[in-house]
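Listing of entry-v6.txt, compact mmCIF, C-alpha atoms
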# COMPACT_ATOMS: atom_id res chain seq x y z
CA ARG A 1 -19.75 -2.73 -18.85
CA PRO A 2 -22.36 -3.18 -16.09
CA ALA A 3 -21.25 -4.89 -12.88
CA PRO A 4 -22.29 -8.54 -12.85
CA ASP A 5 -24.56 -9.94 -10.20
CA LEU A 6 -22.26 -12.12 -8.10
CA MET A 7 -24.24 -15.27 -7.49
CA GLY A 8 -24.23 -16.59 -3.96
CA ARG A 9 -23.03 -13.30 -2.49
CA ARG A 10 -23.36 -13.35 1.29
CA GLY A 11 -22.15 -9.84 1.93
CA ASP A 12 -23.85 -7.13 3.92
CA PRO A 13 -24.83 -4.38 1.44
CA ASP A 14 -24.31 -1.80 4.20
CA MET A 15 -20.64 -2.75 4.76
CA LYS A 16 -19.04 -0.45 2.25
CA ALA A 17 -15.33 -0.57 1.44
CA PHE A 18 -13.00 1.41 -0.79
CA HIS A 19 -9.67 1.11 -2.58
CA THR A 20 -7.42 4.01 -3.54
CA ASN A 21 -4.91 4.57 -6.33
CA TRP A 22 -2.95 7.83 -6.66
CA SER A 23 -1.13 7.77 -10.00
CA LYS A 24 1.26 10.57 -9.01
CA VAL A 25 3.17 8.05 -6.90
CA PHE A 26 4.04 6.19 -10.11
CA ALA A 27 4.85 9.45 -11.90
CA VAL A 28 7.50 10.52 -9.37
CA LYS A 29 9.14 7.08 -9.47
CA HIS A 30 8.99 6.74 -13.27
CA PRO A 31 9.15 10.24 -14.77
CA ASN A 32 8.19 10.57 -18.42
CA GLN A 33 6.91 6.99 -18.59
CA PRO A 34 3.34 6.01 -19.50
CA TYR A 35 1.28 5.00 -16.48
CA GLU A 36 0.95 1.30 -15.78
CA ILE A 37 0.18 -1.11 -12.93
CA GLU A 38 2.17 -4.30 -12.47
CA ASP A 39 0.46 -7.57 -13.41
CA PHE A 40 0.39 -9.03 -9.90
CA GLU A 41 -1.06 -5.78 -8.55
CA LEU A 42 -3.85 -5.82 -11.13
CA LEU A 43 -4.71 -9.41 -10.23
CA THR A 44 -4.80 -8.81 -6.47
CA THR A 45 -6.89 -5.68 -7.07
CA MET A 46 -9.45 -7.74 -8.95
CA LEU A 47 -9.50 -10.46 -6.29
CA SER A 48 -9.65 -7.91 -3.48
CA ALA A 49 -12.67 -6.12 -4.95
CA LEU A 50 -14.60 -9.18 -6.11
CA GLU A 51 -14.00 -11.33 -3.01
CA TRP A 52 -15.09 -8.42 -0.84
CA ARG A 53 -18.29 -8.08 -2.84
CA LYS A 54 -18.92 -11.81 -2.64
CA HIS A 55 -18.47 -12.14 1.11
CA ASN A 56 -18.92 -8.75 2.78
CA GLY A 57 -20.46 -5.83 0.91
CA SER A 58 -19.94 -3.18 -1.75
CA ILE A 59 -16.69 -1.48 -2.77
CA ARG A 60 -15.56 1.57 -4.71
CA MET A 61 -12.28 2.86 -6.10
CA VAL A 62 -11.09 6.38 -5.31
CA THR A 63 -8.47 7.49 -7.85
CA ASP A 64 -7.47 10.38 -10.11
CA GLN A 65 -8.09 11.00 -13.80
CA THR A 66 -5.02 9.03 -14.89
CA GLY A 67 -6.02 6.05 -12.76
CA TYR A 68 -9.60 6.21 -13.98
CA ASP A 69 -8.53 6.31 -17.63
CA TYR A 70 -6.18 3.37 -17.09
CA TYR A 71 -8.81 1.13 -15.47
CA LYS A 72 -11.28 2.12 -18.18
CA LYS A 73 -8.79 1.23 -20.93
CA LEU A 74 -8.28 -2.22 -19.39
CA GLY A 75 -12.03 -2.78 -18.96
CA LEU A 76 -11.82 -3.01 -15.17
CA LEU A 77 -14.23 -0.29 -14.03
CA TRP A 78 -16.95 -2.90 -13.42
CA ILE A 79 -15.13 -4.70 -10.61
CA TRP A 80 -16.06 -1.90 -8.18
CA ASP A 81 -19.83 -2.15 -7.84
CA ASP A 82 -20.00 1.14 -5.90
CA GLY A 83 -18.28 3.04 -8.69
CA VAL A 84 -14.91 4.59 -9.54
CA ASP A 85 -14.39 8.17 -8.32
CA ASN A 86 -11.71 10.22 -10.11
CA VAL A 87 -11.49 12.88 -7.40
CA LEU A 88 -7.94 12.74 -6.04
CA ASP A 89 -6.70 15.48 -8.40
CA HIS A 90 -8.97 17.85 -6.50
CA LEU A 91 -8.74 16.31 -3.03
CA ILE A 92 -4.96 16.22 -2.51
CA PRO A 93 -3.15 19.60 -2.31
CA ALA A 94 -0.09 20.24 -4.44
CA ASN A 95 2.17 20.59 -1.38
CA VAL A 96 1.68 16.92 -0.41
CA ASN A 97 4.71 15.11 -1.79
CA PRO A 98 3.71 11.80 -3.46
CA HIS A 99 7.24 10.47 -3.02
CA VAL A 100 7.12 10.89 0.76
CA PHE A 101 3.39 10.44 1.35
CA TRP A 102 2.76 7.62 -1.10
CA ALA A 103 -0.38 6.46 0.75
CA ALA A 104 -1.81 9.94 1.31
CA ALA A 105 -4.72 9.12 -0.99
CA LYS A 106 -6.15 6.80 1.65
CA LEU A 107 -6.37 9.60 4.21
CA TYR A 108 -7.89 12.10 1.80
CA ALA A 109 -10.35 9.54 0.46
CA LEU A 110 -11.47 8.89 4.03
CA THR A 111 -12.56 12.51 4.42
CA TYR A 112 -15.67 11.91 2.33
CA GLN A 113 -16.42 8.28 3.22
CA PRO A 114 -19.18 8.16 5.87
CA ALA A 115 -18.80 5.57 8.62
CA PRO A 116 -19.21 2.65 8.73
CA VAL A 117 -16.59 2.09 6.07
CA VAL A 118 -13.68 -0.24 5.36
CA MET A 119 -10.39 1.13 4.02
CA MET A 120 -8.57 -1.65 2.20
CA ASP A 121 -5.36 -1.83 0.16
CA THR A 122 -5.52 -3.24 -3.36
CA ASP A 123 -3.03 -5.96 -2.35
CA PHE A 124 -5.19 -7.12 0.56
CA ILE A 125 -7.75 -9.89 -0.02
CA VAL A 126 -10.50 -11.00 2.39
CA TRP A 127 -11.55 -14.56 1.61
CA ASN A 128 -14.38 -14.99 4.10
CA THR A 129 -17.31 -13.17 5.66
CA LEU A 130 -16.18 -10.99 8.57
CA GLY A 131 -19.62 -10.14 9.99
CA ASP A 132 -19.52 -9.40 13.72
CA ARG A 133 -15.73 -9.53 13.70
CA ILE A 134 -15.85 -5.94 12.45
CA SER A 135 -19.45 -4.74 12.85
CA ALA A 136 -19.38 -5.02 16.65
CA TYR A 137 -16.40 -2.68 17.17
CA PRO A 138 -15.83 1.07 16.65
CA LEU A 139 -12.38 0.47 15.12
CA SER A 140 -10.97 -2.76 13.68
CA ILE A 141 -7.49 -3.23 12.21
CA ILE A 142 -5.69 -6.24 10.78
CA HIS A 143 -2.90 -6.25 13.39
CA ARG A 144 -0.67 -4.11 15.58
CA GLU A 145 2.90 -3.20 14.63
CA GLU A 146 5.99 -3.24 16.81
CA ILE A 147 7.70 0.11 17.46
CA ASN A 148 10.85 -0.42 15.42
CA PRO A 149 12.82 2.84 15.91
CA THR A 150 14.15 2.76 12.34
CA VAL A 151 10.58 2.76 11.02
CA TYR A 152 8.81 4.57 13.87
CA PRO A 153 11.34 7.08 15.26
CA GLN A 154 10.66 9.63 17.97
CA LYS A 155 9.28 13.11 17.27
CA LEU A 156 12.67 14.84 17.03
CA PHE A 157 13.41 12.93 13.80
CA LEU A 158 10.31 14.31 12.01
CA LYS A 159 10.75 17.66 10.24
CA THR A 160 7.66 19.86 10.24
CA ASP A 161 7.05 23.46 9.25
CA ASP A 162 7.68 26.13 11.86
CA ASP A 163 3.98 26.88 12.24
CA TYR A 164 2.99 23.27 12.92
CA VAL A 165 1.74 22.68 16.46
CA TRP A 166 2.18 19.10 17.60
CA PRO A 167 -0.92 17.64 19.21
CA GLU A 168 -0.56 15.89 22.54
CA LEU A 169 0.22 12.28 21.63
CA ASP A 170 1.34 9.13 23.41
CA TRP A 171 4.51 7.91 21.68
CA ASP A 172 4.52 4.57 23.48
CA ILE A 173 1.32 3.27 21.84
CA ALA A 174 1.94 0.47 19.32
CA PRO A 175 1.09 1.45 15.72
CA CYS A 176 -1.57 -0.32 13.64
CA ASN A 177 -1.15 -1.91 10.25
CA THR A 178 -3.67 -0.13 8.03
CA ALA A 179 -3.83 -2.46 5.03
CA PHE A 180 -7.34 -3.14 6.33
CA VAL A 181 -9.26 -0.85 8.70
CA CYS A 182 -12.94 -0.74 9.55
CA PHE A 183 -14.29 2.54 10.96
CA HIS A 184 -17.63 2.56 12.74
CA ASP A 185 -17.29 5.77 14.76
CA PRO A 186 -17.75 8.96 12.66
CA ALA A 187 -16.22 11.15 15.38
CA PHE A 188 -13.06 9.08 15.52
CA LEU A 189 -12.87 8.92 11.73
CA ALA A 190 -12.94 12.74 11.59
CA THR A 191 -10.32 13.11 14.33
CA TYR A 192 -7.94 10.65 12.70
CA THR A 193 -8.16 12.09 9.19
CA GLN A 194 -7.88 15.70 10.36
CA THR A 195 -4.87 14.96 12.57
CA SER A 196 -3.05 12.95 9.91
CA ILE A 197 -3.77 15.35 7.07
CA GLN A 198 -2.69 18.36 9.11
CA PHE A 199 0.63 16.62 9.79
CA MET A 200 1.19 15.73 6.11
CA GLU A 201 0.38 19.23 4.91
CA HIS A 202 2.95 20.70 7.33
CA CYS A 203 5.76 18.35 6.27
CA THR A 204 6.95 20.11 3.13
CA LYS A 205 10.56 19.51 4.28
CA ALA A 206 10.03 15.75 4.70
CA ASP A 207 12.58 13.61 2.91
CA ASP A 208 12.09 10.01 4.05
CA PRO A 209 9.42 8.05 2.12
CA LEU A 210 8.98 5.49 4.89
CA ILE A 211 8.96 7.07 8.33
CA TYR A 212 6.71 10.02 7.46
CA MET A 213 4.00 8.02 5.72
CA VAL A 214 3.80 5.23 8.27
CA PHE A 215 3.70 7.82 11.04
CA ALA A 216 0.83 9.73 9.42
CA GLU A 217 -1.13 6.60 8.59
CA GLN A 218 -0.21 3.81 11.00
CA ARG A 219 1.07 5.51 14.12
CA MET A 220 -1.39 8.39 14.12
CA ILE A 221 -4.36 6.01 14.09
CA SER A 222 -3.31 4.34 17.34
CA MET A 223 -2.33 7.65 18.91
CA CYS A 224 -5.71 9.19 18.01
CA ALA A 225 -7.52 6.10 19.29
CA GLN A 226 -5.72 6.35 22.62
CA LYS A 227 -6.42 10.07 22.87
CA THR A 228 -10.14 9.70 22.12
CA GLY A 229 -10.61 6.55 24.19
CA THR A 230 -11.51 4.50 21.11
CA PRO A 231 -10.80 0.79 21.64
CA ILE A 232 -8.88 -0.96 18.85
CA HIS A 233 -10.02 -4.42 17.80
CA GLU A 234 -7.16 -6.45 16.32
CA LEU A 235 -8.35 -9.07 13.82
CA ASP A 236 -5.10 -10.99 14.02
CA ASN A 237 -1.56 -10.69 15.35
CA LEU A 238 1.89 -10.79 13.79
CA ALA A 239 2.88 -14.14 15.27
CA HIS A 240 -0.24 -15.83 13.92
CA LEU A 241 -0.01 -14.17 10.51
CA PHE A 242 3.66 -14.99 9.98
CA GLY A 243 3.03 -18.53 11.13
CA ASN A 244 0.72 -19.13 8.14
CA ARG A 245 -2.04 -20.31 10.46
CA GLN A 246 -4.92 -18.24 9.14
CA THR A 247 -7.03 -18.49 5.98
CA ASP A 248 -9.12 -15.31 6.10
CA PHE A 249 -6.65 -12.83 4.61
CA THR A 250 -3.92 -12.46 2.01
CA HIS A 251 -1.65 -9.42 1.98
CA THR A 252 1.13 -9.49 -0.62
CA TRP A 253 2.98 -6.41 0.73
CA GLY A 254 6.66 -7.47 1.10
CA PHE A 255 6.21 -10.38 -1.32
CA LYS A 256 5.81 -7.88 -4.16
CA GLN A 257 9.51 -7.05 -4.14
CA GLN A 258 10.33 -10.76 -4.15
CA MET A 259 8.21 -11.15 -7.28
CA ARG A 260 10.00 -8.25 -8.95
CA ASP A 261 13.31 -9.91 -8.19
CA ASN A 262 12.25 -13.46 -9.10
CA PRO A 263 10.36 -13.88 -12.42
CA ARG A 264 9.49 -17.50 -11.62
CA ARG A 265 7.79 -16.57 -8.35
CA ARG A 266 5.99 -13.78 -10.14
CA GLU A 267 4.68 -16.13 -12.82
CA GLN A 268 3.58 -18.74 -10.27
CA PHE A 269 1.75 -16.16 -8.17
CA CYS A 270 0.03 -14.55 -11.15
CA LYS A 271 -1.10 -17.92 -12.50
CA ARG A 272 -2.60 -18.82 -9.12
CA CYS A 273 -4.45 -15.49 -9.00
CA ALA A 274 -5.77 -15.86 -12.56
CA VAL A 275 -6.99 -19.39 -11.88
CA ARG A 276 -8.69 -18.32 -8.66
CA LEU A 277 -10.39 -15.40 -10.41
CA VAL A 278 -11.85 -17.61 -13.13
CA LEU A 279 -12.92 -20.28 -10.63
CA ASP A 280 -14.62 -17.87 -8.24
CA PHE A 281 -15.83 -15.38 -10.85
CA PRO A 282 -16.20 -16.94 -14.32
CA GLU A 283 -17.26 -13.57 -15.70
CA THR A 284 -13.64 -12.35 -15.29
CA LEU A 285 -12.38 -14.71 -18.02
CA GLU A 286 -13.43 -12.37 -20.81
CA THR A 287 -11.82 -9.41 -19.06
CA LEU A 288 -8.53 -11.25 -18.45
CA GLN A 289 -8.37 -12.46 -22.06
CA LYS A 290 -8.53 -8.85 -23.29
CA ILE A 291 -5.58 -7.67 -21.15
CA PRO A 292 -2.34 -8.98 -22.77
CA GLU A 293 -0.36 -8.58 -19.54
CA LEU A 294 -2.80 -10.92 -17.78
CA ALA A 295 -4.02 -13.22 -20.56
CA LYS A 296 -0.64 -15.02 -20.59
CA TYR A 297 -1.41 -16.41 -17.11
CA LEU A 298 -4.61 -18.21 -18.12

Can you give me the file's structure in the form of structure tokens?
Amino acid sequence: RPAPDLMGRRGDPDMKAFHTNWSKVFAVKHPNQPYEIEDFELLTTMLSALEWRKHNGSIRMVTDQTGYDYYKKLGLLWIWDDGVDNVLDHLIPANVNPHVFWAAAKLYALTYQPAPVVMMDTDFIVWNTLGDRISAYPLSIIHREEINPTVYPQKLFLKTDDDYVWPELDWDIAPCNTAFVCFHDPAFLATYTQTSIQFMEHCTKADDPLIYMVFAEQRMISMCAQKTGTPIHELDNLAHLFGNRQTDFTHTWGFKQQMRDNPRRREQFCKRCAVRLVLDFPETLETLQKIPELAKYL
């Protein structure tokens, strides 16, 4: 199905963004089960892509063959106006453990995305035009993270191969949340991806699915920025975000587990997403009606 022309779009066609979906993460968690994406994740993915197109620019999906086939089966390929690339099977080496490095696809997808580009999670929604809030800076992130030692431990807790040479890094720099990142500096983009990927590919002994991934993705970005002298523009801060005082962004993140544990919350959230999709993008009604897992929320 061709992508619809979103009426009233105010986005900048040059502000390209991308999503990623690596199906092997599902496969290691649910061996021998057919691939699927949870209903609330499908709905936020649709809102994330379409709201971005409406307000800010174009967007693509970078996935693998399984992910591509799944989106095609559901009739969702059209939501990414810049296309759906099924390249992760070839981009990510076999020695990168999808259990430990569950967000590795984002780093590998970045290696062939020219700056300027926005890297955005499928559970992150931008409701308004960002404009100069991101275009005027070499590196923009949603917010900084605190250095919680259980999440961001020191170097001695990270197991790497014997031939890995640690780069010179500042371990006191606060990490960055990377649910949303805008890269404008090609040199920094290359430094960050190369440094993070080299670390992941030398962590074949890694066993913790939290500390290794957030180090490679969220701590490395601030460390590389400090090392290269790249200023980091923070779009918001934790205090403001947790105080529910902003209206520009929605990031479901930790709420997803709450929805898994509470069917009523899940139903309420999914109904709100379905209603918002149809209100903002009437052309999604037909798509939602054809997906049994989502049609029940209309």

Range 13-50 of chain A near range 168-184 of chain A within 12 Å: what's each residue's closest atom pair and its distance in Å to one decimal, counting only C-alpha atoms, ordered by chain then ascending residue number, as a tab-separated table?
residue	atom	partner	partner_atom	distance
A:Asp14	CA	A:His184	CA	11.7
A:Met15	CA	A:Cys182	CA	9.3
A:Lys16	CA	A:Cys182	CA	9.5
A:Ala17	CA	A:Cys182	CA	8.5
A:Phe18	CA	A:Phe180	CA	10.2
A:His19	CA	A:Phe180	CA	10.1
A:Thr20	CA	A:Ala179	CA	11.3
A:Ser48	CA	A:Phe180	CA	11.2

- Neighbours of range 272-275 of chain A within 9 Å (only C-alpha atoms; same-chain residues fewer than 2 positions away dropped), as a ChimeraX atom specification? /A:40,43-44,47,267-270,277-280,285,288,294-295,297-298

Thr252 in chain A proximity check over A:Ile125, A:Ile37, A:Leu74, A:Met120, using all atoms listed in the file: winner is A:Ile125

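With distances restricted to all atoms listed in the file, A:Pro209 is the closest residue to Val151 in chain A from A:Pro209, A:Pro98, A:Pro116, A:Pro138.
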
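Separating CA of Phe199 in chain A from CA of Phe124 in chain A is a distance of 26.1 Å.
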